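Have a look at data_39.cif below; it lists mmCIF, C-alpha atoms.
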```
data_structure
#
loop_
_atom_site.label_atom_id
_atom_site.label_comp_id
_atom_site.auth_asym_id
_atom_site.auth_seq_id
_atom_site.Cartn_x
_atom_site.Cartn_y
_atom_site.Cartn_z
CA MET A 1 -41.40 54.47 -5.00
CA ASP A 2 -40.94 54.93 -8.73
CA LYS A 3 -39.78 52.26 -11.23
CA GLY A 4 -36.11 53.37 -11.22
CA GLN A 5 -35.78 53.12 -7.44
CA THR A 6 -37.35 49.64 -7.47
CA LYS A 7 -34.82 48.55 -10.10
CA ILE A 8 -31.89 49.89 -8.04
CA GLN A 9 -33.25 48.14 -4.95
CA GLU A 10 -33.55 44.85 -6.82
CA MET A 11 -30.01 45.21 -8.14
CA ALA A 12 -28.76 45.90 -4.61
CA PHE A 13 -30.51 42.75 -3.32
CA VAL A 14 -29.02 40.62 -6.11
CA LEU A 15 -25.54 42.03 -5.40
CA ILE A 16 -25.90 41.33 -1.68
CA ALA A 17 -27.08 37.78 -2.47
CA ILE A 18 -24.07 37.20 -4.75
CA ILE A 19 -21.66 38.57 -2.14
CA ILE A 20 -23.20 36.33 0.55
CA PHE A 21 -22.95 33.35 -1.82
CA PHE A 22 -19.26 34.01 -2.57
CA ALA A 23 -18.57 34.53 1.13
CA MET A 24 -20.11 31.12 1.87
CA VAL A 25 -18.08 29.48 -0.90
CA ALA A 26 -14.90 31.11 0.46
CA LEU A 27 -15.81 29.96 3.97
CA VAL A 28 -16.23 26.34 2.80
CA TYR A 29 -12.96 26.51 0.82
CA PHE A 30 -10.96 27.92 3.73
CA SER A 31 -12.42 25.46 6.23
CA ILE A 32 -11.36 22.56 3.93
CA ARG A 33 -7.92 24.13 3.46
CA LEU A 34 -7.51 24.71 7.19
CA SER A 35 -8.46 21.15 8.07
CA SER A 36 -5.90 19.77 5.60
CA LEU A 37 -3.32 22.18 7.06
CA ARG A 38 -4.03 20.84 10.56
CA GLU A 39 -3.59 17.31 9.22
CA ASP A 40 -0.27 18.34 7.62
CA VAL A 41 0.92 19.85 10.91
CA THR A 42 0.11 16.61 12.78
CA ILE A 43 1.96 14.54 10.16
CA GLN A 44 4.93 16.96 10.27
CA ARG A 45 5.10 16.70 14.08
CA GLU A 46 5.01 12.90 13.91
CA GLN A 47 7.78 12.88 11.33
CA ASP A 48 9.91 15.29 13.40
CA ALA A 49 9.46 13.07 16.44
CA LYS A 50 10.55 10.04 14.39
CA GLU A 51 13.64 11.89 13.14
CA THR A 52 14.50 12.90 16.71
CA ALA A 53 14.13 9.28 17.86
CA ARG A 54 16.35 8.16 15.03
CA LYS A 55 19.03 10.74 15.87
CA LEU A 56 19.50 8.86 19.14
CA ALA A 57 21.09 6.07 17.08
CA ASP A 58 23.92 8.44 16.18
CA ILE A 59 24.94 9.39 19.70
CA PRO A 60 28.44 8.08 20.55
CA GLU A 61 27.14 5.65 23.20
CA PHE A 62 25.11 3.77 20.57
CA SER A 63 26.57 4.50 17.16
CA TRP A 64 28.13 1.94 14.86
CA ALA A 65 31.12 3.53 13.12
CA ASP A 66 30.52 2.17 9.61
CA CYS A 67 27.11 3.62 8.88
CA SER A 68 24.83 6.36 10.10
CA ASN A 69 21.63 5.33 11.87
CA CYS A 70 23.23 2.03 12.83
CA ILE A 71 23.40 0.94 16.45
CA ASP A 72 26.26 -1.07 17.90
CA MET A 73 24.47 -3.80 19.85
CA ASP A 74 27.58 -4.80 21.80
CA LYS A 75 27.93 -1.23 23.06
CA VAL A 76 24.26 -1.10 24.00
CA ILE A 77 24.42 -4.38 25.95
CA MET A 78 27.40 -3.03 27.90
CA LEU A 79 25.58 0.23 28.50
CA LYS A 80 22.51 -1.58 29.79
CA GLU A 81 24.65 -3.46 32.29
CA ARG A 82 26.27 -0.24 33.46
CA ILE A 83 22.89 1.41 33.92
CA GLY A 84 21.66 -1.66 35.83
CA GLU A 85 24.70 -2.05 38.07
CA ARG A 86 25.81 1.49 38.76
CA GLY A 87 22.91 3.62 37.63
CA THR A 88 25.31 5.55 35.35
CA TYR A 89 23.59 7.25 32.40
CA LYS A 90 20.17 6.67 33.94
CA ASN A 91 19.29 10.36 33.92
CA PHE A 92 21.82 11.38 31.29
CA TRP A 93 19.39 11.83 28.36
CA ASP A 94 16.33 13.19 30.16
CA LEU A 95 14.16 10.45 28.68
CA ASP A 96 11.32 8.59 30.35
CA TYR A 97 11.72 5.52 28.19
CA LEU A 98 14.37 4.24 25.81
CA ALA A 99 14.35 0.78 24.27
CA ILE A 100 15.64 -1.10 21.26
CA GLU A 101 13.75 -3.90 19.57
CA ARG A 102 15.18 -6.44 17.15
CA ILE A 103 12.59 -6.87 14.44
CA TYR A 104 14.09 -9.01 11.69
CA PRO A 105 15.06 -11.85 11.64
CA ASN A 106 12.30 -13.08 13.99
CA ARG A 107 13.43 -14.49 17.32
CA THR A 108 11.98 -15.79 20.53
CA THR A 109 10.75 -12.78 22.44
CA GLY A 110 12.45 -11.74 25.61
CA GLU A 111 14.44 -9.05 27.34
CA CYS A 112 18.09 -9.01 26.28
CA THR A 113 20.84 -9.48 28.83
CA SER A 114 24.50 -10.32 28.32
CA SER A 115 23.71 -13.95 29.18
CA ASN A 116 20.91 -14.58 26.65
CA TYR A 117 22.06 -12.24 23.84
CA PRO A 118 21.54 -12.75 20.84
CA ASP A 119 18.48 -14.96 21.56
CA CYS A 120 16.26 -12.10 22.61
CA THR A 121 14.31 -9.23 21.08
CA THR A 122 13.90 -6.29 23.45
CA LEU A 123 16.47 -4.19 25.21
CA VAL A 124 15.05 -1.62 27.64
CA LEU A 125 17.71 0.90 28.61
CA ILE A 126 15.66 3.51 30.46
CA ASN A 127 12.28 3.10 32.08
CA ASN A 128 11.97 5.93 34.55
CA THR A 129 8.22 5.95 34.80
CA ASN A 130 5.42 3.54 34.05
CA ASN A 131 3.39 6.39 32.57
CA TYR A 132 5.51 7.20 29.53
CA GLY A 133 2.61 7.20 27.05
CA SER A 134 3.13 5.75 23.61
CA PRO A 135 6.80 6.04 22.67
CA VAL A 136 7.97 7.39 19.31
CA SER A 137 9.67 4.72 17.20
CA ALA A 138 12.10 4.77 14.30
CA PHE A 139 13.68 2.06 12.16
CA VAL A 140 17.43 1.51 12.68
CA ALA A 141 20.02 -1.07 11.73
CA LEU A 142 21.42 -3.08 14.64
CA CYS A 143 24.98 -4.23 14.04
CA GLY A 144 27.38 -6.41 15.97
CA PHE A 145 29.72 -9.37 15.81
CA ASP A 146 27.96 -12.61 14.90
CA ALA A 147 29.73 -15.89 15.50
CA ALA A 148 27.62 -17.75 12.92
CA TYR A 149 28.68 -15.24 10.27
CA SER A 150 32.19 -15.07 11.74
CA GLY A 151 31.99 -11.37 11.14
CA ILE A 152 29.76 -8.35 11.36
CA LYS A 153 26.05 -8.77 10.93
CA CYS A 154 23.46 -6.01 10.73
CA GLU A 155 19.80 -6.65 11.44
CA LEU A 156 16.66 -4.58 11.31
CA GLY A 157 15.40 -3.00 14.49
CA LYS A 158 13.51 -0.16 16.02
CA ILE A 159 14.42 2.40 18.62
CA TYR A 160 11.67 3.57 20.96
CA ALA A 161 11.93 6.79 22.93
CA SER A 162 9.54 8.69 25.08
CA ALA A 163 9.98 12.10 26.67
CA ARG A 164 7.88 15.23 26.84
CA ALA A 165 10.38 17.03 24.60
CA ILE A 166 10.02 14.68 21.64
CA GLU A 167 6.26 14.15 21.71
CA MET B 1 -49.72 48.91 -15.47
CA ASP B 2 -51.21 45.80 -16.95
CA MET B 3 -51.17 42.81 -14.54
CA ARG B 4 -49.73 40.50 -17.25
CA LYS B 5 -46.81 42.90 -17.85
CA ILE B 6 -45.92 42.93 -14.14
CA LYS B 7 -45.99 39.09 -14.04
CA ARG B 8 -43.72 38.86 -17.09
CA LYS B 9 -41.25 41.32 -15.56
CA GLY B 10 -41.11 39.25 -12.37
CA GLN B 11 -40.54 36.05 -14.37
CA GLU B 12 -37.70 37.70 -16.32
CA GLU B 13 -35.98 38.71 -13.09
CA ILE B 14 -36.33 35.24 -11.61
CA VAL B 15 -34.79 33.81 -14.80
CA GLY B 16 -31.95 36.35 -14.48
CA PHE B 17 -31.31 35.38 -10.89
CA VAL B 18 -31.34 31.68 -11.77
CA VAL B 19 -28.83 32.34 -14.58
CA ILE B 20 -26.52 34.13 -12.13
CA VAL B 21 -26.82 31.26 -9.62
CA VAL B 22 -26.07 28.70 -12.38
CA ILE B 23 -22.99 30.68 -13.51
CA VAL B 24 -21.72 30.93 -9.94
CA ALA B 25 -22.34 27.19 -9.40
CA VAL B 26 -20.41 26.34 -12.57
CA VAL B 27 -17.49 28.55 -11.47
CA PHE B 28 -17.57 26.88 -8.05
CA LEU B 29 -17.55 23.41 -9.63
CA VAL B 30 -14.60 24.35 -11.86
CA ILE B 31 -12.64 25.62 -8.82
CA LEU B 32 -13.52 22.44 -6.88
CA GLY B 33 -12.48 20.27 -9.83
CA LEU B 34 -9.12 22.05 -10.08
CA TYR B 35 -8.59 21.68 -6.34
CA VAL B 36 -9.34 17.95 -6.43
CA ARG B 37 -7.05 17.49 -9.45
CA GLN B 38 -4.22 19.28 -7.66
CA LYS B 39 -4.75 16.95 -4.70
CA ALA B 40 -4.45 13.75 -6.76
CA PRO B 41 -0.64 13.56 -7.17
CA THR B 42 -0.07 14.17 -3.45
CA THR B 43 -1.71 10.80 -2.71
CA GLN B 44 1.78 9.38 -3.41
CA LYS B 45 3.51 10.88 -0.40
CA GLU B 46 7.07 10.70 0.81
CA SER B 47 7.06 8.87 4.10
CA VAL B 48 9.69 9.27 6.81
CA ASP B 49 8.71 5.87 8.20
CA VAL B 50 9.19 4.08 4.85
CA GLY B 51 12.39 6.08 4.25
CA GLN B 52 13.85 5.04 7.60
CA PHE B 53 12.78 1.45 6.96
CA LEU B 54 14.42 1.43 3.52
CA ASP B 55 17.67 2.99 4.83
CA SER B 56 17.87 0.46 7.66
CA ALA B 57 16.87 -2.51 5.48
CA MET B 58 19.65 -1.65 3.03
CA GLU B 59 22.17 -2.16 5.87
CA TYR B 60 20.78 -5.64 6.63
CA THR B 61 23.41 -8.35 6.15
CA SER B 62 22.32 -10.90 3.57
CA ASP B 63 23.34 -14.57 3.18
CA CYS B 64 25.35 -13.88 0.05
CA ARG B 65 29.03 -13.31 -0.49
CA ILE B 66 31.07 -13.81 -3.63
CA ARG B 67 34.15 -15.34 -2.02
CA ALA B 68 34.52 -17.21 1.25
CA SER B 69 37.20 -14.76 2.35
CA GLN B 70 34.89 -11.77 1.86
CA PRO B 71 32.26 -10.47 4.27
CA TYR B 72 28.58 -10.99 3.48
CA PHE B 73 26.91 -8.30 1.42
CA SER B 74 24.43 -5.85 2.83
CA LEU B 75 21.16 -5.58 0.88
CA GLY B 76 22.33 -2.27 -0.58
CA GLU B 77 25.48 -3.95 -1.88
CA LEU B 78 23.50 -6.97 -3.03
CA ILE B 79 21.38 -4.77 -5.32
CA ARG B 80 24.62 -3.72 -7.01
CA GLU B 81 25.73 -7.37 -7.27
CA CYS B 82 22.34 -8.32 -8.70
CA TYR B 83 22.78 -5.65 -11.37
CA ALA B 84 26.23 -7.14 -12.12
CA ARG B 85 24.56 -10.64 -12.29
CA SER B 86 26.98 -12.03 -9.69
CA GLU B 87 26.65 -15.45 -8.14
CA CYS B 88 26.99 -16.11 -4.41
CA VAL B 89 29.69 -18.45 -3.11
CA ASP B 90 27.06 -21.17 -2.43
CA GLY B 91 26.02 -21.08 -6.10
CA GLU B 92 22.78 -19.18 -5.58
CA ASP B 93 21.97 -16.28 -7.86
CA SER B 94 22.47 -12.91 -6.11
CA CYS B 95 19.16 -11.62 -7.53
CA GLY B 96 17.38 -14.67 -6.07
CA VAL B 97 18.83 -14.01 -2.60
CA LEU B 98 17.96 -10.31 -2.92
CA ASN B 99 14.41 -11.04 -4.03
CA ARG B 100 13.80 -13.56 -1.22
CA THR B 101 15.38 -11.48 1.56
CA LEU B 102 13.64 -8.27 0.50
CA GLN B 103 10.24 -9.93 0.36
CA GLU B 104 10.74 -11.45 3.82
CA ILE B 105 11.96 -8.23 5.36
CA ILE B 106 9.22 -6.05 3.80
CA GLU B 107 6.38 -8.47 4.53
CA ASN B 108 7.58 -8.92 8.11
CA ASN B 109 7.27 -5.19 8.75
CA TRP B 110 4.53 -4.06 6.38
CA ARG B 111 2.03 -6.89 6.61
CA TYR B 112 -0.50 -6.43 3.86
CA GLY B 113 -4.01 -7.67 3.17
CA PRO B 114 -7.51 -6.43 2.39
CA ASP B 115 -8.30 -5.95 6.10
CA ARG B 116 -4.97 -4.32 6.98
CA PRO B 117 -3.86 -0.68 6.65
CA SER B 118 -1.36 -1.72 3.95
CA LYS B 119 -3.01 -3.27 0.90
CA GLY B 120 0.25 -4.19 -0.81
CA TYR B 121 3.65 -2.88 -1.82
CA ILE B 122 5.84 -2.17 -4.84
CA PHE B 123 9.62 -2.41 -4.74
CA ASN B 124 11.52 -1.25 -7.75
CA SER B 125 15.28 -0.97 -8.38
CA THR B 126 16.45 0.73 -11.54
CA TYR B 127 19.95 1.39 -12.81
CA SER B 128 20.31 4.67 -14.65
CA SER B 129 23.22 6.49 -16.23
CA ASP B 130 23.53 9.15 -18.92
CA PHE B 131 23.37 6.44 -21.58
CA ARG B 132 20.78 3.92 -20.45
CA THR B 133 18.21 2.82 -17.92
CA GLU B 134 17.76 -0.80 -16.85
CA GLU B 135 15.44 -2.46 -14.38
CA VAL B 136 17.34 -4.44 -11.73
CA LEU B 137 14.51 -5.80 -9.62
CA PHE B 138 10.75 -5.34 -9.52
CA ILE B 139 8.50 -6.83 -6.85
CA THR B 140 4.82 -6.09 -6.52
CA LYS B 141 2.46 -7.74 -4.06
CA GLY B 142 -1.12 -7.18 -3.01
CA ASN B 143 -3.62 -4.71 -4.38
CA CYS B 144 -2.20 -1.28 -5.20
CA THR B 145 -4.34 1.75 -6.00
CA ILE B 146 -3.19 5.35 -6.42
CA GLU B 147 -2.86 6.07 -2.70
CA ARG B 148 0.66 5.20 -1.63
CA ILE B 149 3.42 6.24 0.71
CA GLY B 150 7.01 5.65 -0.27
CA ALA B 151 10.67 6.53 -0.27
CA GLU B 152 13.79 6.09 -2.38
CA TYR B 153 17.33 4.85 -1.72
CA LEU B 154 20.26 5.63 -3.96
CA THR B 155 23.21 3.27 -4.52
CA PRO B 156 26.18 4.23 -6.69
CA ALA B 157 26.86 1.64 -9.40
CA ARG B 158 29.50 0.96 -12.03
CA PRO B 159 29.95 2.24 -14.70
CA SER B 160 29.20 5.90 -13.86
CA GLY B 161 25.60 5.41 -12.86
CA SER B 162 23.40 4.85 -9.89
CA ILE B 163 20.69 2.44 -8.78
CA THR B 164 17.53 3.99 -7.42
CA SER B 165 15.53 1.67 -5.22
CA SER B 166 12.04 2.74 -4.29
CA LEU B 167 9.57 1.19 -1.92
CA GLN B 168 5.92 2.15 -2.09
CA ILE B 169 3.41 0.94 0.45
CA CYS B 170 -0.11 0.88 -0.97
CA LEU B 171 -2.88 2.15 1.34
#
```

Transcribe the structure of this file into structure tokens.
Amino acid sequence: MDKGQTKIQEMAFVLIAIIIFFAMVALVYFSIRLSSLREDVTIQREQDAKETARKLADIPEFSWADCSNCIDMDKVIMLKERIGERGTYKNFWDLDYLAIERIYPNRTTGECTSSNYPDCTTLVLINNTNNYGSPVSAFVALCGFDAAYSGIKCELGKIYASARAIE
Amino acid sequence: MDMRKIKRKGQEEIVGFVVIVVIVAVVFLVILGLYVRQKAPTTQKESVDVGQFLDSAMEYTSDCRIRASQPYFSLGELIRECYARSECVDGEDSCGVLNRTLQEIIENNWRYGPDRPSKGYIFNSTYSSDFRTEEVLFITKGNCTIERIGAEYLTPARPSGSITSSLQICL
């Protein structure tokens, strides 16, 4: 092999080494990018699920007329009684679990019924299965007539929903 | 060929290769630096959870009303009254009621501390119009670094302006 051929061979080796190096750099870059994309997709799915849960507050059976994403607690109490007595609406929304929690102001914990309301925190409307996983939750305002305020009072609450469609 | 000449040639090529590797490493570092810099502003992310919390909290009925015949203000309305420096019917300052209620409601839901996921929070309400900008309320608690999640809430305010309220939860 003469000198010129050796030189060309060396050059070829260097070029191959550079290409391999750049390929490795690109591989590292894309793997980082892909992992952050996966993270973004998970966050996006969680946010979509939260938005879906919150949309439940706007359905006519729950909604408070004066603001969006506000729940009429008097309506919900009545609805709970109907579901309990007659089973109406039990399978209406195709949900495994649907509940409303009063978060602020703090109160003694307990399941809400028409007899103990408003001294309660949780209101379970649908509980079709004990294996509903971890429900998606969203902040909502819970409004209703309050005798102490002699008018309307809105509080802070959360709506919890669980179904295969919104997970 | 002389043995010394061959050795020198080999050394030159090794130096050349090292130079190429160094150049490539520098380019890689520059790209990495740019990537990290681009990432920095996104540490302050919009959060659906904080947004929903802020929207709902603004509907919360406060303990303040201006006249006994009027209904109590929601927190969203109370921010506007605080900007107007109104006084509640019981004599308490509307900004005082707003400050107290907001702190209670935020700290009840976003408990903060060094061992908790939330390290602190910043609440800021600012009036802005074409002519001026004025701070209405500013609350900061805990230890806030650059990593935050947050959301904004807009309230129309007189005269011809708006009040932007933002809540940032520090992570």

Measure the distance from CA of Ala26 (chain A) to CA of Val26 (chain B) in Å and round it to one decimal.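 Between CA of Ala26 (chain A) and CA of Val26 (chain B) the gap works out to 14.9 Å.
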
Could the residues of chain A that have an atom at most 10 Å from chain B be listed as a Markdown table, each with its closest atom pair and the distance in Å to one decimal, counting all atoms listed in the file and ordered by chain and ascending residue number?
```
| residue | atom | partner | partner_atom | distance |
| --- | --- | --- | --- | --- |
| A:Glu10 | CA | B:Glu13 | CA | 9.1 |
| A:Val14 | CA | B:Phe17 | CA | 7.5 |
| A:Ala17 | CA | B:Val21 | CA | 9.7 |
| A:Ile18 | CA | B:Val21 | CA | 8.2 |
| A:Phe21 | CA | B:Val24 | CA | 8.6 |
| A:Phe22 | CA | B:Val24 | CA | 8.4 |
| A:Val25 | CA | B:Phe28 | CA | 7.6 |
| A:Ala26 | CA | B:Phe28 | CA | 9.9 |
| A:Tyr29 | CA | B:Leu32 | CA | 8.7 |
| A:Ile43 | CA | B:Ser47 | CA | 9.7 |
| A:Gln44 | CA | B:Val48 | CA | 9.7 |
| A:Glu46 | CA | B:Val48 | CA | 9.2 |
| A:Gln47 | CA | B:Val48 | CA | 6.1 |
| A:Asp48 | CA | B:Val48 | CA | 8.9 |
| A:Lys50 | CA | B:Val48 | CA | 7.7 |
| A:Glu51 | CA | B:Val48 | CA | 7.9 |
| A:Arg54 | CA | B:Gln52 | CA | 8.4 |
| A:Cys67 | CA | B:Glu59 | CA | 8.2 |
| A:Ser68 | CA | B:Ser56 | CA | 9.4 |
| A:Asn69 | CA | B:Ser56 | CA | 7.5 |
| A:Cys70 | CA | B:Ser56 | CA | 7.6 |
| A:Ile103 | CA | B:Asn109 | CA | 8.0 |
| A:Tyr104 | CA | B:Ile105 | CA | 6.7 |
| A:Pro105 | CA | B:Ile105 | CA | 7.9 |
| A:Asn106 | CA | B:Asn108 | CA | 8.6 |
| A:Ser137 | CA | B:Asp49 | CA | 9.1 |
| A:Ala138 | CA | B:Gln52 | CA | 6.9 |
| A:Phe139 | CA | B:Phe53 | CA | 5.3 |
| A:Val140 | CA | B:Ser56 | CA | 5.1 |
| A:Ala141 | CA | B:Ser56 | CA | 4.9 |
| A:Leu142 | CA | B:Tyr60 | CA | 8.4 |
| A:Cys143 | CA | B:Tyr60 | CA | 8.6 |
| A:Tyr149 | CA | B:Tyr72 | CA | 8.0 |
| A:Ser150 | CA | B:Pro71 | CA | 8.8 |
| A:Gly151 | CA | B:Pro71 | CA | 6.9 |
| A:Ile152 | CA | B:Pro71 | CA | 7.8 |
| A:Lys153 | CA | B:Thr61 | CA | 5.5 |
| A:Cys154 | CA | B:Tyr60 | CA | 4.9 |
| A:Glu155 | CA | B:Tyr60 | CA | 5.0 |
| A:Leu156 | CA | B:Ala57 | CA | 6.2 |
| A:Gly157 | CA | B:Ser56 | CA | 8.0 |
| A:Lys158 | CA | B:Phe53 | CA | 9.2 |
```

Hey, what's within 7 Å of region 153-156 of chain B if we count only C-alpha atoms and toss same-chain stuff fewer than 3 positions away? As a PDB file with C-alpha atoms, in the frame of the given file, please?
```
ATOM      1  CA  LEU B  54      14.420   1.430   3.520  1.00  0.00           C
ATOM      2  CA  ASP B  55      17.670   2.990   4.830  1.00  0.00           C
ATOM      3  CA  GLY B  76      22.330  -2.270  -0.580  1.00  0.00           C
ATOM      4  CA  GLY B 161      25.600   5.410 -12.860  1.00  0.00           C
ATOM      5  CA  SER B 162      23.400   4.850  -9.890  1.00  0.00           C
ATOM      6  CA  ILE B 163      20.690   2.440  -8.780  1.00  0.00           C
ATOM      7  CA  THR B 164      17.530   3.990  -7.420  1.00  0.00           C
ATOM      8  CA  SER B 165      15.530   1.670  -5.220  1.00  0.00           C
ATOM      9  CA  SER B 166      12.040   2.740  -4.290  1.00  0.00           C
TER      10      SER B 166
END
```

Quick one: pull the distance between CA of Arg67 (chain B) and CA of Trp64 (chain A), Å, one decimal.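 Interatomic distance here is 24.9 Å.
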
Give me, please, the distance in Å between CA of Asp74 (chain A) and CA of Ser115 (chain A), quoted to one decimal.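 Separating CA of Asp74 (chain A) from CA of Ser115 (chain A) is a distance of 12.4 Å.
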
To test the calculation: enclose all listed atoms of region 16-25 of chain B in a box whose edges run along x, y and z, add 3 Å on each side, then state centre and edge lengths in Å to one decimal, as AutoDock Vina command-line options.
```
--center_x -26.8 --center_y 31.8 --center_z -12.0 --size_x 16.2 --size_y 15.2 --size_z 11.2
```

Picked residues, the PyMOL selection byres ((chain B and resi 122) around 8), as a VMD selection string: chain B and resid 120 to 121 123 to 124 138 to 141 166 to 170

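Proximity to Tyr117 (chain A) was assessed for A:Gly4, A:Leu98, A:Met78, A:Tyr132 counting all atoms listed in the file; the smallest distance is recorded for A:Met78.
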